[in-house]
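Source file: upload.cif (mmCIF, C-alpha atoms)
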data_input
#
loop_
_atom_site.group_PDB
_atom_site.id
_atom_site.type_symbol
_atom_site.label_atom_id
_atom_site.label_comp_id
_atom_site.auth_asym_id
_atom_site.auth_seq_id
_atom_site.Cartn_x
_atom_site.Cartn_y
_atom_site.Cartn_z
ATOM 1 C CA MET K 1 211.522 91.892 -22.335
ATOM 2 C CA ALA K 2 210.536 88.328 -23.207
ATOM 3 C CA THR K 3 209.400 87.644 -26.775
ATOM 4 C CA ARG K 4 205.915 86.695 -25.569
ATOM 5 C CA ALA K 5 205.500 89.939 -23.630
ATOM 6 C CA ARG K 6 206.572 91.965 -26.659
ATOM 7 C CA ALA K 7 204.113 90.075 -28.854
ATOM 8 C CA ALA K 8 201.306 90.698 -26.337
ATOM 9 C CA LEU K 9 202.127 94.386 -26.218
ATOM 10 C CA LYS K 10 202.208 94.592 -29.993
ATOM 11 C CA SER K 11 198.848 92.810 -30.153
ATOM 12 C CA ALA K 12 197.301 95.164 -27.578
ATOM 13 C CA ALA K 13 198.649 98.168 -29.476
ATOM 14 C CA SER K 14 197.183 96.982 -32.763
ATOM 15 C CA GLU K 15 193.806 96.347 -31.116
ATOM 16 C CA THR K 16 193.541 99.952 -30.001
ATOM 17 C CA ASP K 17 194.936 101.188 -33.306
ATOM 18 C CA ALA K 18 192.810 103.514 -35.468
ATOM 19 C CA ALA K 19 192.960 100.998 -38.343
ATOM 20 C CA PRO K 20 191.239 97.836 -37.063
ATOM 21 C CA ALA K 21 192.592 94.381 -37.856
ATOM 22 C CA GLN K 22 191.132 92.410 -40.785
ATOM 23 C CA PRO K 23 187.962 90.752 -39.438
ATOM 24 C CA ASP K 24 187.595 86.977 -39.188
ATOM 25 C CA MET K 25 186.089 85.959 -42.565
ATOM 26 C CA GLY K 26 185.355 82.375 -41.449
ATOM 27 C CA PRO K 27 184.646 79.981 -44.339
ATOM 28 C CA LEU K 28 183.760 82.827 -46.760
ATOM 29 C CA PRO K 29 186.979 82.979 -48.855
ATOM 30 C CA ALA K 30 186.756 79.208 -49.441
ATOM 31 C CA LEU K 31 183.182 79.367 -50.786
ATOM 32 C CA ILE K 32 183.022 79.168 -54.580
ATOM 33 C CA GLY K 33 180.208 81.725 -54.904
ATOM 34 C CA TYR K 34 182.035 84.316 -52.808
ATOM 35 C CA ALA K 35 185.344 83.851 -54.666
ATOM 36 C CA LEU K 36 183.530 84.012 -58.029
ATOM 37 C CA ARG K 37 181.743 87.225 -57.091
ATOM 38 C CA ARG K 38 184.913 88.971 -55.887
ATOM 39 C CA ALA K 39 186.805 87.990 -59.065
ATOM 40 C CA GLN K 40 183.875 88.988 -61.301
ATOM 41 C CA LEU K 41 183.620 92.412 -59.634
ATOM 42 C CA ALA K 42 187.387 93.003 -60.023
ATOM 43 C CA VAL K 43 187.264 92.018 -63.720
ATOM 44 C CA PHE K 44 184.175 94.160 -64.397
ATOM 45 C CA GLN K 45 185.831 97.111 -62.633
ATOM 46 C CA ASP K 46 188.791 96.802 -65.027
ATOM 47 C CA PHE K 47 186.340 96.577 -67.956
ATOM 48 C CA VAL K 48 184.410 99.681 -66.844
ATOM 49 C CA GLN K 49 187.658 101.658 -66.405
ATOM 50 C CA THR K 50 188.868 100.486 -69.828
ATOM 51 C CA MET K 51 185.601 101.692 -71.413
ATOM 52 C CA ALA K 52 185.218 104.845 -69.281
ATOM 53 C CA ALA K 53 185.619 107.242 -72.233
ATOM 54 C CA LEU K 54 183.122 105.237 -74.320
ATOM 55 C CA GLU K 55 180.600 104.779 -71.462
ATOM 56 C CA ILE K 56 179.787 101.144 -72.210
ATOM 57 C CA THR K 57 179.129 98.551 -69.479
ATOM 58 C CA PRO K 58 179.968 94.847 -69.808
ATOM 59 C CA ALA K 59 176.264 93.992 -70.327
ATOM 60 C CA GLN K 60 175.893 96.674 -73.016
ATOM 61 C CA PHE K 61 179.009 95.374 -74.755
ATOM 62 C CA SER K 62 177.643 91.822 -74.880
ATOM 63 C CA VAL K 63 174.328 93.071 -76.335
ATOM 64 C CA LEU K 64 176.054 95.246 -78.963
ATOM 65 C CA LEU K 65 178.317 92.338 -79.920
ATOM 66 C CA LEU K 66 175.295 90.100 -80.530
ATOM 67 C CA VAL K 67 173.547 92.767 -82.620
ATOM 68 C CA ALA K 68 176.755 93.359 -84.625
ATOM 69 C CA ARG K 69 177.217 89.633 -85.319
ATOM 70 C CA ASN K 70 173.513 88.922 -85.888
ATOM 71 C CA PRO K 71 171.901 91.903 -87.677
ATOM 72 C CA GLY K 72 168.117 91.743 -87.340
ATOM 73 C CA ILE K 73 168.226 89.691 -84.123
ATOM 74 C CA SER K 74 165.244 90.178 -81.769
ATOM 75 C CA GLN K 75 165.297 91.260 -78.118
ATOM 76 C CA VAL K 76 163.871 87.861 -77.162
ATOM 77 C CA GLN K 77 166.782 86.040 -78.827
ATOM 78 C CA ILE K 78 169.340 88.327 -77.159
ATOM 79 C CA GLY K 79 167.714 87.914 -73.749
ATOM 80 C CA GLU K 80 167.772 84.132 -74.066
ATOM 81 C CA ALA K 81 171.349 83.971 -75.350
ATOM 82 C CA LEU K 82 172.753 86.264 -72.643
ATOM 83 C CA GLY K 83 170.409 85.497 -69.743
ATOM 84 C CA ILE K 84 169.191 89.113 -69.445
ATOM 85 C CA LYS K 85 165.635 89.740 -68.192
ATOM 86 C CA PRO K 86 163.277 91.213 -70.863
ATOM 87 C CA ALA K 87 162.517 94.333 -68.774
ATOM 88 C CA ASN K 88 166.217 95.086 -68.200
ATOM 89 C CA LEU K 89 167.005 94.511 -71.867
ATOM 90 C CA ALA K 90 164.197 96.843 -72.966
ATOM 91 C CA VAL K 91 165.616 99.632 -70.775
ATOM 92 C CA MET K 92 169.092 99.007 -72.170
ATOM 93 C CA MET K 93 167.880 99.051 -75.808
ATOM 94 C CA ASN K 94 166.064 102.344 -75.146
ATOM 95 C CA GLU K 95 169.338 103.836 -73.896
ATOM 96 C CA LEU K 96 171.369 102.524 -76.826
ATOM 97 C CA ALA K 97 168.729 103.799 -79.270
ATOM 98 C CA ALA K 98 168.640 107.235 -77.569
ATOM 99 C CA ARG K 99 172.431 107.421 -77.908
ATOM 100 C CA GLY K 100 172.169 106.597 -81.614
ATOM 101 C CA ILE K 101 174.183 103.373 -81.275
ATOM 102 C CA ALA K 102 171.504 100.787 -82.117
ATOM 103 C CA GLU K 103 168.065 100.953 -83.700
ATOM 104 C CA ARG K 104 164.875 98.895 -83.867
ATOM 105 C CA ARG K 105 163.358 98.199 -87.311
ATOM 106 C CA PRO K 106 160.093 96.347 -87.980
ATOM 107 C CA GLY K 107 160.788 92.591 -88.151
ATOM 108 C CA ALA K 108 160.473 90.747 -91.488
ATOM 109 C CA ALA K 109 158.521 87.771 -90.103
ATOM 110 C CA ASP K 110 156.612 89.530 -87.319
ATOM 111 C CA ARG K 111 156.340 93.317 -87.466
ATOM 112 C CA ARG K 112 155.787 93.477 -83.691
ATOM 113 C CA ALA K 113 159.100 91.679 -83.023
ATOM 114 C CA HIS K 114 161.583 94.447 -83.778
ATOM 115 C CA ALA K 115 164.735 93.568 -85.651
ATOM 116 C CA LEU K 116 167.790 95.132 -84.009
ATOM 117 C CA HIS K 117 170.636 96.723 -85.964
ATOM 118 C CA LEU K 118 173.689 98.850 -85.188
ATOM 119 C CA THR K 119 173.673 102.335 -86.693
ATOM 120 C CA ALA K 120 176.735 103.562 -88.628
ATOM 121 C CA ALA K 121 177.892 105.276 -85.406
ATOM 122 C CA GLY K 122 177.288 102.000 -83.551
ATOM 123 C CA LYS K 123 179.517 100.097 -85.993
ATOM 124 C CA THR K 124 182.324 102.630 -85.510
ATOM 125 C CA LEU K 125 181.926 102.413 -81.731
ATOM 126 C CA MET K 126 181.998 98.603 -81.922
ATOM 127 C CA ARG K 127 185.431 98.636 -83.589
ATOM 128 C CA GLN K 128 186.767 100.880 -80.795
ATOM 129 C CA LEU K 129 185.188 98.641 -78.155
ATOM 130 C CA GLU K 130 186.669 95.473 -79.633
ATOM 131 C CA ALA K 131 190.184 96.968 -79.634
ATOM 132 C CA ARG K 132 189.820 97.965 -75.973
ATOM 133 C CA VAL K 133 188.346 94.603 -74.979
ATOM 134 C CA GLU K 134 191.478 92.979 -76.400
ATOM 135 C CA ASP K 135 193.632 95.161 -74.114
ATOM 136 C CA HIS K 136 191.415 94.344 -71.117
ATOM 137 C CA GLU K 137 191.575 90.607 -71.850
ATOM 138 C CA ALA K 138 195.361 90.736 -72.363
ATOM 139 C CA ARG K 139 195.746 92.261 -68.885
ATOM 140 C CA LEU K 140 193.742 89.393 -67.380
ATOM 141 C CA VAL K 141 195.771 86.779 -69.286
ATOM 142 C CA ASP K 142 198.930 88.425 -67.898
ATOM 143 C CA LYS K 143 197.616 87.589 -64.415
ATOM 144 C CA LEU K 144 196.533 84.008 -65.192
ATOM 145 C CA GLY K 145 198.893 82.887 -67.951
ATOM 146 C CA ALA K 146 197.421 81.499 -71.185
ATOM 147 C CA PRO K 147 197.092 77.917 -69.818
ATOM 148 C CA GLY K 148 195.547 79.357 -66.647
ATOM 149 C CA LYS K 149 192.887 81.128 -68.710
ATOM 150 C CA GLN K 150 191.992 77.903 -70.548
ATOM 151 C CA GLN K 151 191.850 76.028 -67.226
ATOM 152 C CA LEU K 152 189.609 78.746 -65.751
ATOM 153 C CA LEU K 153 187.204 78.697 -68.736
ATOM 154 C CA ARG K 154 186.951 74.889 -68.495
ATOM 155 C CA LEU K 155 186.173 75.018 -64.759
ATOM 156 C CA LEU K 156 183.641 77.878 -65.120
ATOM 157 C CA ALA K 157 181.811 75.981 -67.891
ATOM 158 C CA LYS K 158 181.210 73.111 -65.429
ATOM 159 C CA LEU K 159 179.301 75.478 -63.142
ATOM 160 C CA VAL K 160 176.848 76.801 -65.769
ATOM 161 C CA MET E 1 171.528 66.712 -105.113
ATOM 162 C CA ALA E 2 175.034 67.882 -104.328
ATOM 163 C CA THR E 3 176.037 68.069 -100.684
ATOM 164 C CA ARG E 4 176.484 71.840 -100.892
ATOM 165 C CA ALA E 5 172.983 72.352 -102.271
ATOM 166 C CA ARG E 6 171.500 70.196 -99.494
ATOM 167 C CA ALA E 7 173.424 72.195 -96.908
ATOM 168 C CA ALA E 8 172.169 75.461 -98.417
ATOM 169 C CA LEU E 9 168.568 74.197 -98.385
ATOM 170 C CA LYS E 10 168.914 73.037 -94.768
ATOM 171 C CA SER E 11 170.359 76.428 -93.834
ATOM 172 C CA ALA E 12 167.512 78.278 -95.586
ATOM 173 C CA ALA E 13 164.950 76.072 -93.805
ATOM 174 C CA SER E 14 166.456 76.742 -90.383
ATOM 175 C CA GLU E 15 166.480 80.496 -91.064
ATOM 176 C CA THR E 16 162.704 80.536 -91.602
ATOM 177 C CA ASP E 17 162.137 78.131 -88.716
ATOM 178 C CA ALA E 18 159.930 79.267 -85.805
ATOM 179 C CA ALA E 19 162.687 78.430 -83.304
ATOM 180 C CA PRO E 20 165.693 80.472 -84.428
ATOM 181 C CA ALA E 21 169.185 79.006 -84.360
ATOM 182 C CA GLN E 22 171.540 79.945 -81.527
ATOM 183 C CA PRO E 23 172.946 83.349 -82.501
ATOM 184 C CA ASP E 24 176.616 83.856 -83.331
ATOM 185 C CA MET E 25 178.218 84.764 -79.975
ATOM 186 C CA GLY E 26 181.554 85.776 -81.533
ATOM 187 C CA PRO E 27 184.428 86.026 -79.035
ATOM 188 C CA LEU E 28 182.057 86.403 -76.037
ATOM 189 C CA PRO E 29 182.269 82.859 -74.548
ATOM 190 C CA ALA E 30 186.090 83.069 -74.614
ATOM 191 C CA LEU E 31 186.187 86.345 -72.638
ATOM 192 C CA ILE E 32 187.058 85.837 -68.968
ATOM 193 C CA GLY E 33 184.607 88.488 -67.721
ATOM 194 C CA TYR E 34 181.675 86.982 -69.607
ATOM 195 C CA ALA E 35 182.462 83.422 -68.468
ATOM 196 C CA LEU E 36 182.897 84.609 -64.870
ATOM 197 C CA ARG E 37 179.581 86.450 -64.889
ATOM 198 C CA ARG E 38 177.631 83.489 -66.316
ATOM 199 C CA ALA E 39 179.161 81.109 -63.742
ATOM 200 C CA GLN E 40 178.575 83.567 -60.891
ATOM 201 C CA LEU E 41 174.912 84.022 -61.857
ATOM 202 C CA ALA E 42 174.400 80.236 -62.046
ATOM 203 C CA VAL E 43 176.006 79.719 -58.627
ATOM 204 C CA PHE E 44 174.026 82.589 -57.048
ATOM 205 C CA GLN E 45 170.802 81.171 -58.542
ATOM 206 C CA ASP E 46 171.513 77.867 -56.794
ATOM 207 C CA PHE E 47 172.254 79.761 -53.565
ATOM 208 C CA VAL E 48 169.015 81.768 -53.747
ATOM 209 C CA GLN E 49 166.976 78.600 -54.406
ATOM 210 C CA THR E 50 168.733 76.837 -51.519
ATOM 211 C CA MET E 51 167.843 79.739 -49.200
ATOM 212 C CA ALA E 52 164.357 80.408 -50.630
ATOM 213 C CA ALA E 53 162.545 79.421 -47.420
ATOM 214 C CA LEU E 54 164.894 81.560 -45.311
ATOM 215 C CA GLU E 55 164.854 84.548 -47.715
ATOM 216 C CA ILE E 56 168.560 85.329 -47.484
ATOM 217 C CA THR E 57 170.633 86.519 -50.449
ATOM 218 C CA PRO E 58 174.341 85.738 -50.942
ATOM 219 C CA ALA E 59 175.295 89.314 -49.932
ATOM 220 C CA GLN E 60 173.120 89.137 -46.785
ATOM 221 C CA PHE E 61 174.699 85.797 -45.886
ATOM 222 C CA SER E 62 178.228 87.214 -46.149
ATOM 223 C CA VAL E 63 177.267 90.184 -43.941
ATOM 224 C CA LEU E 64 175.582 87.970 -41.313
ATOM 225 C CA LEU E 65 178.606 85.656 -41.294
ATOM 226 C CA LEU E 66 180.933 88.579 -40.575
ATOM 227 C CA VAL E 67 178.683 89.874 -37.767
ATOM 228 C CA ALA E 68 178.454 86.351 -36.287
ATOM 229 C CA ARG E 69 182.246 85.882 -36.344
ATOM 230 C CA ASN E 70 183.066 89.454 -35.266
ATOM 231 C CA PRO E 71 180.448 90.637 -32.738
ATOM 232 C CA GLY E 72 180.543 94.428 -32.420
ATOM 233 C CA ILE E 73 182.008 94.938 -35.912
ATOM 234 C CA SER E 74 181.142 98.272 -37.576
ATOM 235 C CA GLN E 75 179.433 98.815 -40.933
ATOM 236 C CA VAL E 76 182.607 100.480 -42.230
ATOM 237 C CA GLN E 77 184.666 97.379 -41.429
ATOM 238 C CA ILE E 78 182.113 95.087 -43.088
ATOM 239 C CA GLY E 79 181.920 97.283 -46.175
ATOM 240 C CA GLU E 80 185.699 97.290 -46.561
ATOM 241 C CA ALA E 81 186.086 93.551 -45.966
ATOM 242 C CA LEU E 82 183.336 92.579 -48.415
ATOM 243 C CA GLY E 83 183.583 95.408 -50.942
ATOM 244 C CA ILE E 84 179.978 96.549 -50.388
ATOM 245 C CA LYS E 85 179.155 100.255 -50.848
ATOM 246 C CA PRO E 86 178.177 102.068 -47.598
ATOM 247 C CA ALA E 87 174.737 103.098 -48.950
ATOM 248 C CA ASN E 88 173.884 99.532 -50.029
ATOM 249 C CA LEU E 89 175.104 98.140 -46.716
ATOM 250 C CA ALA E 90 173.003 100.655 -44.755
ATOM 251 C CA VAL E 91 169.859 99.557 -46.639
ATOM 252 C CA MET E 92 170.705 95.904 -46.011
ATOM 253 C CA MET E 93 171.319 96.466 -42.274
ATOM 254 C CA ASN E 94 167.962 98.289 -42.011
ATOM 255 C CA GLU E 95 166.257 95.240 -43.548
ATOM 256 C CA LEU E 96 168.073 92.764 -41.292
ATOM 257 C CA ALA E 97 167.249 94.908 -38.231
ATOM 258 C CA ALA E 98 163.574 95.201 -39.251
ATOM 259 C CA ARG E 99 163.434 91.403 -39.556
ATOM 260 C CA GLY E 100 164.906 91.035 -36.049
ATOM 261 C CA ILE E 101 168.008 89.197 -37.315
ATOM 262 C CA ALA E 102 170.716 91.754 -36.491
ATOM 263 C CA GLU E 103 170.853 94.864 -34.319
ATOM 264 C CA ARG E 104 172.905 98.041 -33.971
ATOM 265 C CA ARG E 105 174.222 98.954 -30.517
ATOM 266 C CA PRO E 106 176.197 102.104 -29.620
ATOM 267 C CA GLY E 107 179.922 101.511 -30.245
ATOM 268 C CA ALA E 108 182.352 101.338 -27.288
ATOM 269 C CA ALA E 109 185.017 103.573 -28.845
ATOM 270 C CA ASP E 110 182.801 105.864 -30.917
ATOM 271 C CA ARG E 111 179.093 105.988 -30.079
ATOM 272 C CA ARG E 112 178.272 107.193 -33.599
ATOM 273 C CA ALA E 113 179.919 104.085 -35.108
ATOM 274 C CA HIS E 114 177.306 101.431 -34.307
ATOM 275 C CA ALA E 115 178.490 98.013 -33.169
ATOM 276 C CA LEU E 116 176.637 95.232 -35.003
ATOM 277 C CA HIS E 117 175.411 92.054 -33.333
ATOM 278 C CA LEU E 118 173.168 89.116 -34.245
ATOM 279 C CA THR E 119 169.997 88.780 -32.181
ATOM 280 C CA ALA E 120 169.128 85.407 -30.622
ATOM 281 C CA ALA E 121 166.857 84.781 -33.653
ATOM 282 C CA GLY E 122 169.754 85.772 -35.914
ATOM 283 C CA LYS E 123 172.038 83.216 -34.259
ATOM 284 C CA THR E 124 169.456 80.458 -34.780
ATOM 285 C CA LEU E 125 168.998 81.532 -38.412
ATOM 286 C CA MET E 126 172.784 81.513 -38.921
ATOM 287 C CA ARG E 127 173.013 77.846 -37.902
ATOM 288 C CA GLN E 128 170.312 76.958 -40.449
ATOM 289 C CA LEU E 129 172.057 79.031 -43.119
ATOM 290 C CA GLU E 130 175.427 77.409 -42.506
ATOM 291 C CA ALA E 131 173.959 73.912 -42.892
ATOM 292 C CA ARG E 132 172.314 74.890 -46.189
ATOM 293 C CA VAL E 133 175.452 76.606 -47.477
ATOM 294 C CA GLU E 134 177.277 73.320 -46.940
ATOM 295 C CA ASP E 135 174.721 71.543 -49.164
ATOM 296 C CA HIS E 136 175.003 74.274 -51.803
ATOM 297 C CA GLU E 137 178.802 74.089 -51.763
ATOM 298 C CA ALA E 138 178.774 70.270 -51.935
ATOM 299 C CA ARG E 139 176.644 70.463 -55.116
ATOM 300 C CA LEU E 140 179.212 72.771 -56.699
ATOM 301 C CA VAL E 141 182.099 70.529 -55.675
ATOM 302 C CA ASP E 142 180.220 67.612 -57.305
ATOM 303 C CA LYS E 143 180.448 69.530 -60.583
ATOM 304 C CA LEU E 144 184.118 70.553 -60.257
ATOM 305 C CA GLY E 145 185.695 67.782 -58.182
ATOM 306 C CA ALA E 146 187.628 68.688 -55.033
ATOM 307 C CA PRO E 147 190.921 69.343 -56.925
ATOM 308 C CA GLY E 148 188.937 71.390 -59.474
ATOM 309 C CA LYS E 149 187.587 73.597 -56.688
ATOM 310 C CA GLN E 150 191.090 74.242 -55.319
ATOM 311 C CA GLN E 151 192.334 75.016 -58.850
ATOM 312 C CA LEU E 152 189.419 77.404 -59.381
ATOM 313 C CA LEU E 153 190.009 79.256 -56.086
ATOM 314 C CA ARG E 154 193.721 79.640 -56.943
ATOM 315 C CA LEU E 155 192.917 81.061 -60.395
ATOM 316 C CA LEU E 156 190.198 83.408 -59.094
ATOM 317 C CA ALA E 157 192.568 84.778 -56.421
ATOM 318 C CA LYS E 158 194.958 85.866 -59.203
ATOM 319 C CA LEU E 159 192.224 88.089 -60.670
ATOM 320 C CA VAL E 160 191.398 89.989 -57.456
#
Just dump the structure as structure tokens.
Amino acid sequence: MATRARAALKSAASETDAAPAQPDMGPLPALIGYALRRAQLAVFQDFVQTMAALEITPAQFSVLLLVARNPGISQVQIGEALGIKPANLAVMMNELAARGIAERRPGAADRRAHALHLTAAGKTLMRQLEARVEDHEARLVDKLGAPGKQQLLRLLAKLV
Amino acid sequence: MATRARAALKSAASETDAAPAQPDMGPLPALIGYALRRAQLAVFQDFVQTMAALEITPAQFSVLLLVARNPGISQVQIGEALGIKPANLAVMMNELAARGIAERRPGAADRRAHALHLTAAGKTLMRQLEARVEDHEARLVDKLGAPGKQQLLRLLAKLV
């Protein structure tokens, strides 16, 4: 059998196969937004798995980190610093308060603007989270190399 | 007045200022996941603004592109290729069908597995979308440079 005939047969067989061929993705993989989204989802999936036992999402971690580093910070300041919508942040703070991780206290300057603090349990959780985030980040650096990570951060900063 | 005293006074003044100082972000900006998410949100915001008149999101665009390039493709194939959950994809296809952009036809092999196609209106819309995506992408390449884009795509691929 000629090589071409064999190739045609193989192609016909794979077309009728139960597992269909990878579809034509066109220009998609070369679009920055698409590539960013796929990488971000893969990294967040690793983060969520790393934190599974502690039940903390990437967004919750970033909020807790800001409260830990800036005791008394307001929801408005957190929302602006992290780019989280006020309504979403309010829901998240309710959850974290219900779980006894963070608490709202009356603000010093404006009693309506609550000052956010970690509880004692929240501070303990934060130390566990930070240790696990280091593991997560080390896994990513293994994939990129340390210079690759610096290059990536420089390029991402140009897009923001 | 000693330099240290002036610095302390300046610090005290900024603490009581109406516009609070940028909070301490700690290790957050140096974490790959955080930097990826901020860049992805910025790029998607530009995409959404670019498509405002056509009311197409990045996820809808990627689905329409796959249907355009692979007429008769199934929802399962699209979900696997793009990493979209079946339930989310079903909702999106309902929307696109209701808007007369895409349609489900009975599948050739398995009549329960619908074959997806663009309508004539969908094909016209796709041409408009592709022209606008080129503008969007060109703006991003302006920020990164063409070699920067290639570097970024290489680094992102290592994370997926």
- Mind telling me what the PyMOL selection byres ((chain K and resi 149) around 12) catches here, as number ranges by chain? K: 137-148, 150-156; E: 30-33, 35-36, 151-152, 154-156, 158-159
- For K:Phe61, list every protein, DNA or RNA residue within 10 Å, evaluated using all atoms listed in the file, and leave out those in the same chain fewer than 2 positions away; present the list as a count of residues only. 15
- Can you tell me, as a PyMOL selection string, what residues are no more than 10 Å from E:Ala97 when counting all atoms listed in the file, ignoring any on the same chain fewer than 5 positions away? chain E and resi 91-92+102-104+116-119+122
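The shortest atom-to-atom distance to K:Arg38, with all atoms listed in the file taken into account, belongs to E:Ser62 out of E:Pro71, E:Ser62, E:Gln77, E:Ala113.
Running the PyMOL selection byres ((chain K and resi 41) around 10) on this file leaves Leu36, Arg37, Arg38, Ala39, Gln40, Ala42, Val43, Phe44, Gln45, Asp46 and Phe47 of chain K; Gly33, Leu36, Arg37, Gly83, Leu159 and Val160 of chain E selected.
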For the residues selected in the previous step, produce a file with C-alpha atoms as an mmCIF file, keeping the file's coordinate frame.
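For reference, again-v2.cif as written:
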data_model
loop_
_atom_site.group_PDB
_atom_site.id
_atom_site.type_symbol
_atom_site.label_atom_id
_atom_site.label_comp_id
_atom_site.auth_asym_id
_atom_site.auth_seq_id
_atom_site.Cartn_x
_atom_site.Cartn_y
_atom_site.Cartn_z
ATOM 1 C CA LEU K 36 183.530 84.012 -58.029
ATOM 2 C CA ARG K 37 181.743 87.225 -57.091
ATOM 3 C CA ARG K 38 184.913 88.971 -55.887
ATOM 4 C CA ALA K 39 186.805 87.990 -59.065
ATOM 5 C CA GLN K 40 183.875 88.988 -61.301
ATOM 6 C CA ALA K 42 187.387 93.003 -60.023
ATOM 7 C CA VAL K 43 187.264 92.018 -63.720
ATOM 8 C CA PHE K 44 184.175 94.160 -64.397
ATOM 9 C CA GLN K 45 185.831 97.111 -62.633
ATOM 10 C CA ASP K 46 188.791 96.802 -65.027
ATOM 11 C CA PHE K 47 186.340 96.577 -67.956
ATOM 12 C CA GLY E 33 184.607 88.488 -67.721
ATOM 13 C CA LEU E 36 182.897 84.609 -64.870
ATOM 14 C CA ARG E 37 179.581 86.450 -64.889
ATOM 15 C CA GLY E 83 183.583 95.408 -50.942
ATOM 16 C CA LEU E 159 192.224 88.089 -60.670
ATOM 17 C CA VAL E 160 191.398 89.989 -57.456
#
- Residue members of the PyMOL selection byres ((chain E and resi 24) around 10) in the file shown, as a ChimeraX atom specification: /K:65-70,81 /E:21-23,25-28
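Counting from atom CA of K:Lys85, the distance to atom CA of E:Pro29 is 19.1 Å.
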- Item | Pick from E:Ala120, E:Ala87, E:Leu125, E:Ala53 nearest to E:Gln75, counting all atoms listed in the file | E:Ala87
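If you measure from each of E:Ala115, E:Ile73, E:Ala131, E:Met93 to chain K using only C-alpha atoms, the closest one turns out to be E:Ile73.
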